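The data block below is work35.pdb; it holds PDB, C-alpha atoms.
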ATOM      1  CA  MET A  45     -25.011 -19.762 -21.573
ATOM      2  CA  PRO A  46     -21.715 -18.531 -20.059
ATOM      3  CA  LYS A  47     -22.005 -16.036 -17.243
ATOM      4  CA  VAL A  48     -21.025 -12.511 -18.321
ATOM      5  CA  ILE A  49     -18.617 -10.938 -15.858
ATOM      6  CA  ASP A  50     -18.255  -7.153 -15.733
ATOM      7  CA  PRO A  51     -14.467  -6.506 -15.697
ATOM      8  CA  GLU A  52     -14.927  -3.105 -14.028
ATOM      9  CA  LEU A  53     -16.963  -4.703 -11.253
ATOM     10  CA  ARG A  54     -14.300  -7.357 -10.730
ATOM     11  CA  ARG A  55     -11.587  -4.698 -10.665
ATOM     12  CA  ALA A  56     -13.568  -2.700  -8.121
ATOM     13  CA  GLN A  57     -13.867  -5.805  -5.924
ATOM     14  CA  VAL A  58     -10.125  -6.371  -6.061
ATOM     15  CA  VAL A  59      -9.302  -2.730  -5.336
ATOM     16  CA  HIS A  60     -11.747  -2.608  -2.407
ATOM     17  CA  ALA A  61     -10.234  -5.766  -0.899
ATOM     18  CA  LEU A  62      -6.705  -4.429  -1.394
ATOM     19  CA  LEU A  63      -7.451  -1.117   0.295
ATOM     20  CA  ARG A  64      -9.264  -2.780   3.195
ATOM     21  CA  LEU A  65      -6.505  -5.321   3.858
ATOM     22  CA  THR A  66      -3.743  -2.712   3.590
ATOM     23  CA  ALA A  67      -5.572  -0.378   5.955
ATOM     24  CA  GLU A  68      -6.409  -3.123   8.472
ATOM     25  CA  ARG A  69      -3.233  -5.205   8.454
ATOM     26  CA  GLY A  70      -0.500  -3.147   6.811
ATOM     27  CA  LEU A  71       1.216  -3.903   3.543
ATOM     28  CA  ASP A  72       3.489  -6.584   5.016
ATOM     29  CA  GLU A  73       0.444  -8.759   5.702
ATOM     30  CA  VAL A  74      -1.023  -8.350   2.210
ATOM     31  CA  SER A  75      -0.488 -10.931  -0.508
ATOM     32  CA  VAL A  76      -2.042 -11.813  -3.839
ATOM     33  CA  ALA A  77      -3.712 -14.853  -2.258
ATOM     34  CA  LYS A  78      -5.147 -12.839   0.647
ATOM     35  CA  VAL A  79      -6.506 -10.144  -1.652
ATOM     36  CA  ALA A  80      -8.105 -12.817  -3.833
ATOM     37  CA  ALA A  81      -9.734 -14.470  -0.815
ATOM     38  CA  ALA A  82     -11.015 -11.146   0.529
ATOM     39  CA  ALA A  83     -12.404 -10.176  -2.887
ATOM     40  CA  GLY A  84     -13.967 -13.573  -3.482
ATOM     41  CA  VAL A  85     -12.120 -14.055  -6.777
ATOM     42  CA  SER A  86      -9.394 -16.330  -8.093
ATOM     43  CA  VAL A  87      -5.689 -15.744  -7.543
ATOM     44  CA  GLY A  88      -5.290 -15.663 -11.313
ATOM     45  CA  LEU A  89      -7.689 -12.757 -11.600
ATOM     46  CA  VAL A  90      -5.807 -10.760  -8.971
ATOM     47  CA  GLN A  91      -2.539 -11.493 -10.765
ATOM     48  CA  HIS A  92      -4.125 -10.027 -13.871
ATOM     49  CA  TYR A  93      -3.984  -6.648 -12.120
ATOM     50  CA  PHE A  94      -0.710  -7.005 -10.199
ATOM     51  CA  ALA A  95       1.861  -9.638  -9.337
ATOM     52  CA  THR A  96       3.946  -7.815  -6.719
ATOM     53  CA  LYS A  97       3.292  -5.744  -3.620
ATOM     54  CA  ASP A  98       4.655  -2.646  -5.322
ATOM     55  CA  GLU A  99       2.105  -3.062  -8.103
ATOM     56  CA  MET A 100      -0.602  -3.499  -5.456
ATOM     57  CA  LEU A 101       0.480  -0.333  -3.710
ATOM     58  CA  LEU A 102       0.594   1.605  -6.961
ATOM     59  CA  LEU A 103      -2.980   0.617  -7.738
ATOM     60  CA  ALA A 104      -4.057   1.534  -4.209
ATOM     61  CA  PHE A 105      -2.275   4.893  -4.454
ATOM     62  CA  HIS A 106      -3.867   5.783  -7.787
ATOM     63  CA  THR A 107      -7.279   4.713  -6.498
ATOM     64  CA  ILE A 108      -6.976   7.029  -3.498
ATOM     65  CA  ASP A 109      -5.922   9.866  -5.782
ATOM     66  CA  GLU A 110      -8.949   9.237  -7.996
ATOM     67  CA  ARG A 111     -11.274   9.154  -4.980
ATOM     68  CA  PHE A 112      -9.976  12.532  -3.836
ATOM     69  CA  ASP A 113     -10.640  14.069  -7.241
ATOM     70  CA  GLU A 114     -14.102  12.497  -7.369
ATOM     71  CA  ARG A 115     -15.102  13.773  -3.907
ATOM     72  CA  LEU A 116     -13.952  17.272  -4.783
ATOM     73  CA  ARG A 117     -15.887  17.102  -8.054
ATOM     74  CA  ARG A 118     -19.039  16.007  -6.207
ATOM     75  CA  TRP A 119     -18.597  18.828  -3.703
ATOM     76  CA  LEU A 120     -18.417  21.334  -6.554
ATOM     77  CA  GLU A 121     -21.536  19.850  -8.138
ATOM     78  CA  ASP A 122     -23.412  19.963  -4.838
ATOM     79  CA  SER A 123     -22.452  23.611  -4.396
ATOM     80  CA  GLY A 124     -24.303  24.432  -7.605
ATOM     81  CA  GLN A 125     -21.436  26.633  -8.756
ATOM     82  CA  ASP A 126     -18.813  26.419 -11.454
ATOM     83  CA  LEU A 127     -15.218  26.151 -10.316
ATOM     84  CA  ALA A 128     -14.577  29.782 -11.256
ATOM     85  CA  GLU A 129     -17.456  30.912  -9.016
ATOM     86  CA  VAL A 130     -16.375  29.174  -5.809
ATOM     87  CA  PRO A 131     -14.336  31.355  -3.418
ATOM     88  CA  ALA A 132     -10.743  30.172  -3.389
ATOM     89  CA  ARG A 133     -10.690  29.793   0.385
ATOM     90  CA  SER A 134     -13.742  27.513   0.287
ATOM     91  CA  LEU A 135     -12.131  25.376  -2.416
ATOM     92  CA  VAL A 136      -8.792  25.088  -0.617
ATOM     93  CA  ARG A 137     -10.559  24.359   2.677
ATOM     94  CA  GLU A 138     -12.539  21.533   1.105
ATOM     95  CA  ALA A 139      -9.484  20.121  -0.675
ATOM     96  CA  LEU A 140      -7.478  20.007   2.557
ATOM     97  CA  SER A 141     -10.429  18.505   4.433
ATOM     98  CA  GLN A 142     -10.741  15.715   1.884
ATOM     99  CA  LEU A 143      -7.186  14.663   2.784
ATOM    100  CA  MET A 144      -8.068  14.351   6.470
ATOM    101  CA  PRO A 145      -9.241  11.130   8.231
ATOM    102  CA  LEU A 146     -12.640  12.637   9.058
ATOM    103  CA  ASP A 147     -14.560   9.406   8.370
ATOM    104  CA  ASP A 148     -13.781   5.700   8.077
ATOM    105  CA  GLU A 149     -13.153   5.826   4.326
ATOM    106  CA  ARG A 150     -10.664   8.665   4.530
ATOM    107  CA  ALA A 151      -9.018   7.150   7.609
ATOM    108  CA  ASP A 152      -8.351   3.969   5.628
ATOM    109  CA  GLU A 153      -7.000   6.065   2.769
ATOM    110  CA  VAL A 154      -4.560   7.819   5.101
ATOM    111  CA  ARG A 155      -3.371   4.418   6.367
ATOM    112  CA  VAL A 156      -2.740   3.245   2.811
ATOM    113  CA  TRP A 157      -1.099   6.573   1.945
ATOM    114  CA  LEU A 158       1.296   6.170   4.903
ATOM    115  CA  ALA A 159       2.112   2.615   3.813
ATOM    116  CA  PHE A 160       2.881   3.930   0.336
ATOM    117  CA  CYS A 161       5.124   6.690   1.687
ATOM    118  CA  ALA A 162       7.000   4.299   3.961
ATOM    119  CA  ARG A 163       7.715   1.912   1.099
ATOM    120  CA  GLY A 164       8.335   4.752  -1.339
ATOM    121  CA  ALA A 165      11.121   6.138   0.850
ATOM    122  CA  ALA A 166      13.207   3.120  -0.144
ATOM    123  CA  THR A 167      11.771   2.476  -3.619
ATOM    124  CA  PRO A 168      12.682   5.013  -6.326
ATOM    125  CA  GLN A 169       9.834   3.922  -8.630
ATOM    126  CA  LEU A 170       7.222   4.586  -5.954
ATOM    127  CA  ALA A 171       8.914   7.821  -4.919
ATOM    128  CA  LYS A 172       8.637   9.059  -8.504
ATOM    129  CA  VAL A 173       4.909   8.287  -8.558
ATOM    130  CA  TYR A 174       4.483  10.219  -5.318
ATOM    131  CA  GLU A 175       6.461  13.142  -6.722
ATOM    132  CA  THR A 176       4.286  13.271  -9.843
ATOM    133  CA  ALA A 177       1.087  13.243  -7.766
ATOM    134  CA  LEU A 178       2.454  15.888  -5.403
ATOM    135  CA  LEU A 179       3.459  18.228  -8.225
ATOM    136  CA  ARG A 180       0.002  17.887  -9.750
ATOM    137  CA  ARG A 181      -1.639  18.812  -6.447
ATOM    138  CA  VAL A 182       0.783  21.706  -5.931
ATOM    139  CA  GLU A 183      -0.170  23.008  -9.367
ATOM    140  CA  GLN A 184      -3.887  22.688  -8.575
ATOM    141  CA  MET A 185      -3.444  24.394  -5.205
ATOM    142  CA  THR A 186      -1.362  27.176  -6.753
ATOM    143  CA  ASP A 187      -4.085  27.792  -9.344
ATOM    144  CA  ALA A 188      -6.676  28.094  -6.564
ATOM    145  CA  LEU A 189      -4.460  30.544  -4.683
ATOM    146  CA  ARG A 190      -3.959  32.601  -7.835
ATOM    147  CA  ARG A 191      -7.713  32.884  -8.200
ATOM    148  CA  GLY A 192      -7.886  33.924  -4.575
ATOM    149  CA  ARG A 193      -5.346  36.662  -5.103
ATOM    150  CA  ALA A 194      -7.165  37.896  -8.209
ATOM    151  CA  ALA A 195     -10.407  38.053  -6.192
ATOM    152  CA  GLY A 196      -8.771  39.963  -3.348
ATOM    153  CA  GLU A 197      -8.879  37.024  -0.921
ATOM    154  CA  ILE A 198      -5.105  36.890  -0.495
ATOM    155  CA  ALA A 199      -2.798  39.752   0.345
ATOM    156  CA  PRO A 200      -0.068  40.512  -2.227
ATOM    157  CA  GLY A 201       3.516  39.474  -1.643
ATOM    158  CA  LEU A 202       2.922  35.801  -0.845
ATOM    159  CA  ASP A 203       4.851  33.212  -2.872
ATOM    160  CA  LEU A 204       1.830  31.219  -4.010
ATOM    161  CA  GLU A 205       3.642  28.107  -5.274
ATOM    162  CA  ALA A 206       5.654  27.857  -2.066
ATOM    163  CA  GLU A 207       2.487  28.370  -0.026
ATOM    164  CA  ALA A 208       0.713  25.628  -1.991
ATOM    165  CA  LEU A 209       3.517  23.213  -1.099
ATOM    166  CA  HIS A 210       3.404  24.323   2.549
ATOM    167  CA  LEU A 211      -0.355  23.749   2.717
ATOM    168  CA  LEU A 212      -0.061  20.238   1.340
ATOM    169  CA  ALA A 213       2.802  19.418   3.699
ATOM    170  CA  PHE A 214       0.681  20.746   6.581
ATOM    171  CA  ALA A 215      -2.239  18.580   5.438
ATOM    172  CA  GLU A 216      -0.167  15.397   5.250
ATOM    173  CA  GLY A 217       1.332  15.998   8.680
ATOM    174  CA  LEU A 218      -2.013  16.820  10.265
ATOM    175  CA  ALA A 219      -3.672  13.802   8.642
ATOM    176  CA  GLN A 220      -1.003  11.503  10.084
ATOM    177  CA  GLN A 221      -1.297  13.045  13.552
ATOM    178  CA  ALA A 222      -5.089  12.889  13.483
ATOM    179  CA  LEU A 223      -4.955   9.213  12.530
ATOM    180  CA  LEU A 224      -2.325   8.144  15.056
ATOM    181  CA  ALA A 225      -3.496  10.375  17.910
ATOM    182  CA  SER A 226      -7.236  10.302  17.297
ATOM    183  CA  GLY A 227      -7.980  10.290  21.021
ATOM    184  CA  HIS A 228      -6.406  13.714  21.316
ATOM    185  CA  ILE A 229      -6.800  15.229  17.850
ATOM    186  CA  THR A 230     -10.521  14.987  17.202
ATOM    187  CA  ALA A 231     -12.300  15.814  13.955
ATOM    188  CA  GLU A 232     -13.289  19.181  15.436
ATOM    189  CA  ARG A 233      -9.668  19.997  16.243
ATOM    190  CA  VAL A 234      -8.633  18.986  12.735
ATOM    191  CA  VAL A 235     -11.178  21.374  11.218
ATOM    192  CA  ASP A 236     -10.074  24.138  13.604
ATOM    193  CA  ALA A 237      -6.441  23.565  12.645
ATOM    194  CA  VAL A 238      -7.270  23.785   8.933
ATOM    195  CA  ASP A 239      -9.183  27.027   9.467
ATOM    196  CA  ALA A 240      -6.386  28.491  11.556
ATOM    197  CA  ARG A 241      -3.820  27.632   8.895
ATOM    198  CA  LEU A 242      -5.935  29.173   6.153
ATOM    199  CA  GLY A 243      -6.333  32.276   8.295
ATOM    200  CA  ARG A 244      -2.628  32.911   7.748
ATOM    201  CA  VAL A 245      -3.130  32.895   3.972
ATOM    202  CA  PHE A 246      -6.549  34.379   3.258
ATOM    203  CA  THR A 247      -7.913  37.766   4.250
ATOM    204  CA  THR A 248     -11.476  36.446   4.007
ATOM    205  CA  SER A 249     -13.320  34.065   6.328
ATOM    206  CA  ASP A 250     -15.161  30.848   5.501
ATOM    207  CA  THR A 251     -18.051  29.644   7.619
ATOM    208  CA  GLY A 252     -18.734  26.521   5.539
ATOM    209  CA  GLU A 253     -18.684  23.095   7.083
ATOM    210  CA  ASN A 254     -16.461  20.215   6.136
ATOM    211  CA  ALA A 255     -18.068  16.885   5.237
TER
END
Written as structure tokens, that's how I'd like the structure from this file.
Amino acid sequence: MPKVIDPELRRAQVVHALLRLTAERGLDEVSVAKVAAAAGVSVGLVQHYFATKDEMLLLAFHTIDERFDERLRRWLEDSGQDLAEVPARSLVREALSQLMPLDDERADEVRVWLAFCARGAATPQLAKVYETALLRRVEQMTDALRRGRAAGEIAPGLDLEAEALHLLAFAEGLAQQALLASGHITAERVVDAVDARLGRVFTTSDTGENA
């Protein structure tokens, strides 16, 4: 009887190998053959998902984006509250923290994200994908800030969409610094920096802890 192979499991193996190799060696050292070897699958199977490095990077980028959404969803579930019930500052704090290299998984994601940005700077197709993802996050962040203003957590007069973009730019810059200068910028300093930045936006405090 032929062995039944779960396509989702195989895809997960390929994606895991791709992310690990990109994080450890950089995109220039990644190839279809190397990903196949690391995943323990055939080259043909890897080529089923992508044939070029840009396609590899796109899959890696979308996977990281999905992981971020999933972690934030789990955090909301663990809080025992609906989205509308969570203070906006707590939500924004958690969202920014999930972009930081505060554990090995997120550190690898930041490495892959930086590889994507470096290649995207010279590749219009990848730049467009980044732009789409950024605009989606800006919209989500702006919605959270609107809820914060409605709840009295944010003083009036702030341009919320501009502030959402500023917060995400701050997060990307801090994530890069924390990754490349980890001996100086510790996880504690990252958390302190996030709290200090949010203190310029919110009139309320947040004593929660970042995972």
Tell me, as a PDB file with C-alpha atoms, in the frame of the given file, which residues lie within 9 Å of range 157-168 of chain A, counting only C-alpha atoms; anything in the same chain fewer than 2 positions away does not count.
ATOM      1  CA  THR A  66      -3.743  -2.712   3.590  1.00  0.00           C
ATOM      2  CA  ALA A  67      -5.572  -0.378   5.955  1.00  0.00           C
ATOM      3  CA  GLY A  70      -0.500  -3.147   6.811  1.00  0.00           C
ATOM      4  CA  LEU A  71       1.216  -3.903   3.543  1.00  0.00           C
ATOM      5  CA  ASP A  98       4.655  -2.646  -5.322  1.00  0.00           C
ATOM      6  CA  LEU A 101       0.480  -0.333  -3.710  1.00  0.00           C
ATOM      7  CA  LEU A 102       0.594   1.605  -6.961  1.00  0.00           C
ATOM      8  CA  ALA A 104      -4.057   1.534  -4.209  1.00  0.00           C
ATOM      9  CA  PHE A 105      -2.275   4.893  -4.454  1.00  0.00           C
ATOM     10  CA  ILE A 108      -6.976   7.029  -3.498  1.00  0.00           C
ATOM     11  CA  ASP A 152      -8.351   3.969   5.628  1.00  0.00           C
ATOM     12  CA  GLU A 153      -7.000   6.065   2.769  1.00  0.00           C
ATOM     13  CA  VAL A 154      -4.560   7.819   5.101  1.00  0.00           C
ATOM     14  CA  ARG A 155      -3.371   4.418   6.367  1.00  0.00           C
ATOM     15  CA  LEU A 170       7.222   4.586  -5.954  1.00  0.00           C
ATOM     16  CA  ALA A 171       8.914   7.821  -4.919  1.00  0.00           C
ATOM     17  CA  LYS A 172       8.637   9.059  -8.504  1.00  0.00           C
ATOM     18  CA  VAL A 173       4.909   8.287  -8.558  1.00  0.00           C
ATOM     19  CA  TYR A 174       4.483  10.219  -5.318  1.00  0.00           C
ATOM     20  CA  GLN A 220      -1.003  11.503  10.084  1.00  0.00           C
TER      21      GLN A 220
END
Query raised in the report: If we count all atoms listed in the file, what is near Leu135 in chain A at a cut-off of 9 Å, once residues fewer than 5 positions away on the same chain are taken out, given as a list in words?
Result: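 Once the adjacent positions are removed, what remains is Leu116, Leu120, Leu127, Val130, Leu140 and Ala188 of chain A.
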Report task. Expand the PyMOL selection byres ((chain A and resi 57) around 12) into the individual residues it matches in the shown file, reporting them as a PyMOL selection string. Result -> chain A and resi 50-56+58-64+79-86+89-90+93
Requested write-out: C-alpha atoms of the selected residues, as a PDB file, keeping the file's coordinate frame:
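File selection33.pdb, as written:
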ATOM      1  CA  ASP A  50     -18.255  -7.153 -15.733  1.00  0.00           C
ATOM      2  CA  PRO A  51     -14.467  -6.506 -15.697  1.00  0.00           C
ATOM      3  CA  GLU A  52     -14.927  -3.105 -14.028  1.00  0.00           C
ATOM      4  CA  LEU A  53     -16.963  -4.703 -11.253  1.00  0.00           C
ATOM      5  CA  ARG A  54     -14.300  -7.357 -10.730  1.00  0.00           C
ATOM      6  CA  ARG A  55     -11.587  -4.698 -10.665  1.00  0.00           C
ATOM      7  CA  ALA A  56     -13.568  -2.700  -8.121  1.00  0.00           C
ATOM      8  CA  VAL A  58     -10.125  -6.371  -6.061  1.00  0.00           C
ATOM      9  CA  VAL A  59      -9.302  -2.730  -5.336  1.00  0.00           C
ATOM     10  CA  HIS A  60     -11.747  -2.608  -2.407  1.00  0.00           C
ATOM     11  CA  ALA A  61     -10.234  -5.766  -0.899  1.00  0.00           C
ATOM     12  CA  LEU A  62      -6.705  -4.429  -1.394  1.00  0.00           C
ATOM     13  CA  LEU A  63      -7.451  -1.117   0.295  1.00  0.00           C
ATOM     14  CA  ARG A  64      -9.264  -2.780   3.195  1.00  0.00           C
ATOM     15  CA  VAL A  79      -6.506 -10.144  -1.652  1.00  0.00           C
ATOM     16  CA  ALA A  80      -8.105 -12.817  -3.833  1.00  0.00           C
ATOM     17  CA  ALA A  81      -9.734 -14.470  -0.815  1.00  0.00           C
ATOM     18  CA  ALA A  82     -11.015 -11.146   0.529  1.00  0.00           C
ATOM     19  CA  ALA A  83     -12.404 -10.176  -2.887  1.00  0.00           C
ATOM     20  CA  GLY A  84     -13.967 -13.573  -3.482  1.00  0.00           C
ATOM     21  CA  VAL A  85     -12.120 -14.055  -6.777  1.00  0.00           C
ATOM     22  CA  SER A  86      -9.394 -16.330  -8.093  1.00  0.00           C
ATOM     23  CA  LEU A  89      -7.689 -12.757 -11.600  1.00  0.00           C
ATOM     24  CA  VAL A  90      -5.807 -10.760  -8.971  1.00  0.00           C
ATOM     25  CA  TYR A  93      -3.984  -6.648 -12.120  1.00  0.00           C
TER      26      TYR A  93
END
**Report entry** A:Gly243, A:Leu209, A:Pro145, A:Gly201 ranked by distance to Val182 in chain A, top pick (using only C-alpha atoms)
**Finding:** A:Leu209
Query raised in the report: Rounded to one decimal in Å, what is the spacing between CA of Thr96 in chain A and CA of Val76 in chain A?
Result: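 According to the coordinates, CA of Thr96 in chain A and CA of Val76 in chain A are separated by 7.8 Å.
Comparing A:Leu65, A:Thr176, A:Ala139, A:His228 by their smallest distance to Ala208 in chain A, the closest is A:Ala139 (using all atoms listed in the file).
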Query raised in the report: Counting only C-alpha atoms, what is within 12 Å of Ala206 in chain A, bar same-chain residues fewer than 2 positions away, as a PyMOL selection string?
Result: chain A and resi 179+182-183+185-186+189+201-204+208-213+245
Query raised in the report: Which protein, DNA or RNA residues have an atom at most 9 Å from (-6.0, 15.2, 12.7), counting all atoms listed in the file? List them as a VMD selection string.
Result: chain A and resid 144 to 146 215 217 to 226 228 to 235 237
Using the atoms already present, construct N, CA and C atoms for range 75-87 of chain A and hand them back as a PDB file, in the coordinates of the input.
ATOM      1  N   SER A  75      -1.036 -10.099   0.562  1.00  0.00           N
ATOM      2  CA  SER A  75      -0.488 -10.931  -0.508  1.00  0.00           C
ATOM      3  C   SER A  75      -1.542 -11.090  -1.591  1.00  0.00           C
ATOM      4  N   VAL A  76      -1.109 -11.574  -2.748  1.00  0.00           N
ATOM      5  CA  VAL A  76      -2.042 -11.813  -3.839  1.00  0.00           C
ATOM      6  C   VAL A  76      -3.138 -12.786  -3.398  1.00  0.00           C
ATOM      7  N   ALA A  77      -2.745 -13.850  -2.698  1.00  0.00           N
ATOM      8  CA  ALA A  77      -3.712 -14.853  -2.258  1.00  0.00           C
ATOM      9  C   ALA A  77      -4.722 -14.265  -1.277  1.00  0.00           C
ATOM     10  N   LYS A  78      -4.255 -13.427  -0.349  1.00  0.00           N
ATOM     11  CA  LYS A  78      -5.147 -12.839   0.647  1.00  0.00           C
ATOM     12  C   LYS A  78      -6.117 -11.847   0.001  1.00  0.00           C
ATOM     13  N   VAL A  79      -5.628 -11.081  -0.952  1.00  0.00           N
ATOM     14  CA  VAL A  79      -6.506 -10.144  -1.652  1.00  0.00           C
ATOM     15  C   VAL A  79      -7.566 -10.910  -2.429  1.00  0.00           C
ATOM     16  N   ALA A  80      -7.159 -11.998  -3.074  1.00  0.00           N
ATOM     17  CA  ALA A  80      -8.105 -12.817  -3.833  1.00  0.00           C
ATOM     18  C   ALA A  80      -9.182 -13.393  -2.917  1.00  0.00           C
ATOM     19  N   ALA A  81      -8.772 -13.893  -1.757  1.00  0.00           N
ATOM     20  CA  ALA A  81      -9.734 -14.470  -0.815  1.00  0.00           C
ATOM     21  C   ALA A  81     -10.704 -13.408  -0.311  1.00  0.00           C
ATOM     22  N   ALA A  82     -10.168 -12.226   0.006  1.00  0.00           N
ATOM     23  CA  ALA A  82     -11.015 -11.146   0.529  1.00  0.00           C
ATOM     24  C   ALA A  82     -11.986 -10.632  -0.530  1.00  0.00           C
ATOM     25  N   ALA A  83     -11.556 -10.664  -1.797  1.00  0.00           N
ATOM     26  CA  ALA A  83     -12.404 -10.176  -2.887  1.00  0.00           C
ATOM     27  C   ALA A  83     -13.354 -11.240  -3.394  1.00  0.00           C
ATOM     28  N   GLY A  84     -13.115 -12.490  -3.013  1.00  0.00           N
ATOM     29  CA  GLY A  84     -13.967 -13.573  -3.482  1.00  0.00           C
ATOM     30  C   GLY A  84     -13.733 -13.908  -4.945  1.00  0.00           C
ATOM     31  N   VAL A  85     -12.470 -13.766  -5.388  1.00  0.00           N
ATOM     32  CA  VAL A  85     -12.120 -14.055  -6.777  1.00  0.00           C
ATOM     33  C   VAL A  85     -10.917 -14.983  -6.790  1.00  0.00           C
ATOM     34  N   SER A  86     -10.520 -15.415  -7.968  1.00  0.00           N
ATOM     35  CA  SER A  86      -9.394 -16.330  -8.093  1.00  0.00           C
ATOM     36  C   SER A  86      -8.066 -15.588  -7.986  1.00  0.00           C
ATOM     37  N   VAL A  87      -7.036 -16.313  -7.587  1.00  0.00           N
ATOM     38  CA  VAL A  87      -5.689 -15.744  -7.543  1.00  0.00           C
ATOM     39  C   VAL A  87      -5.269 -15.271  -8.929  1.00  0.00           C
TER      40      VAL A  87
END
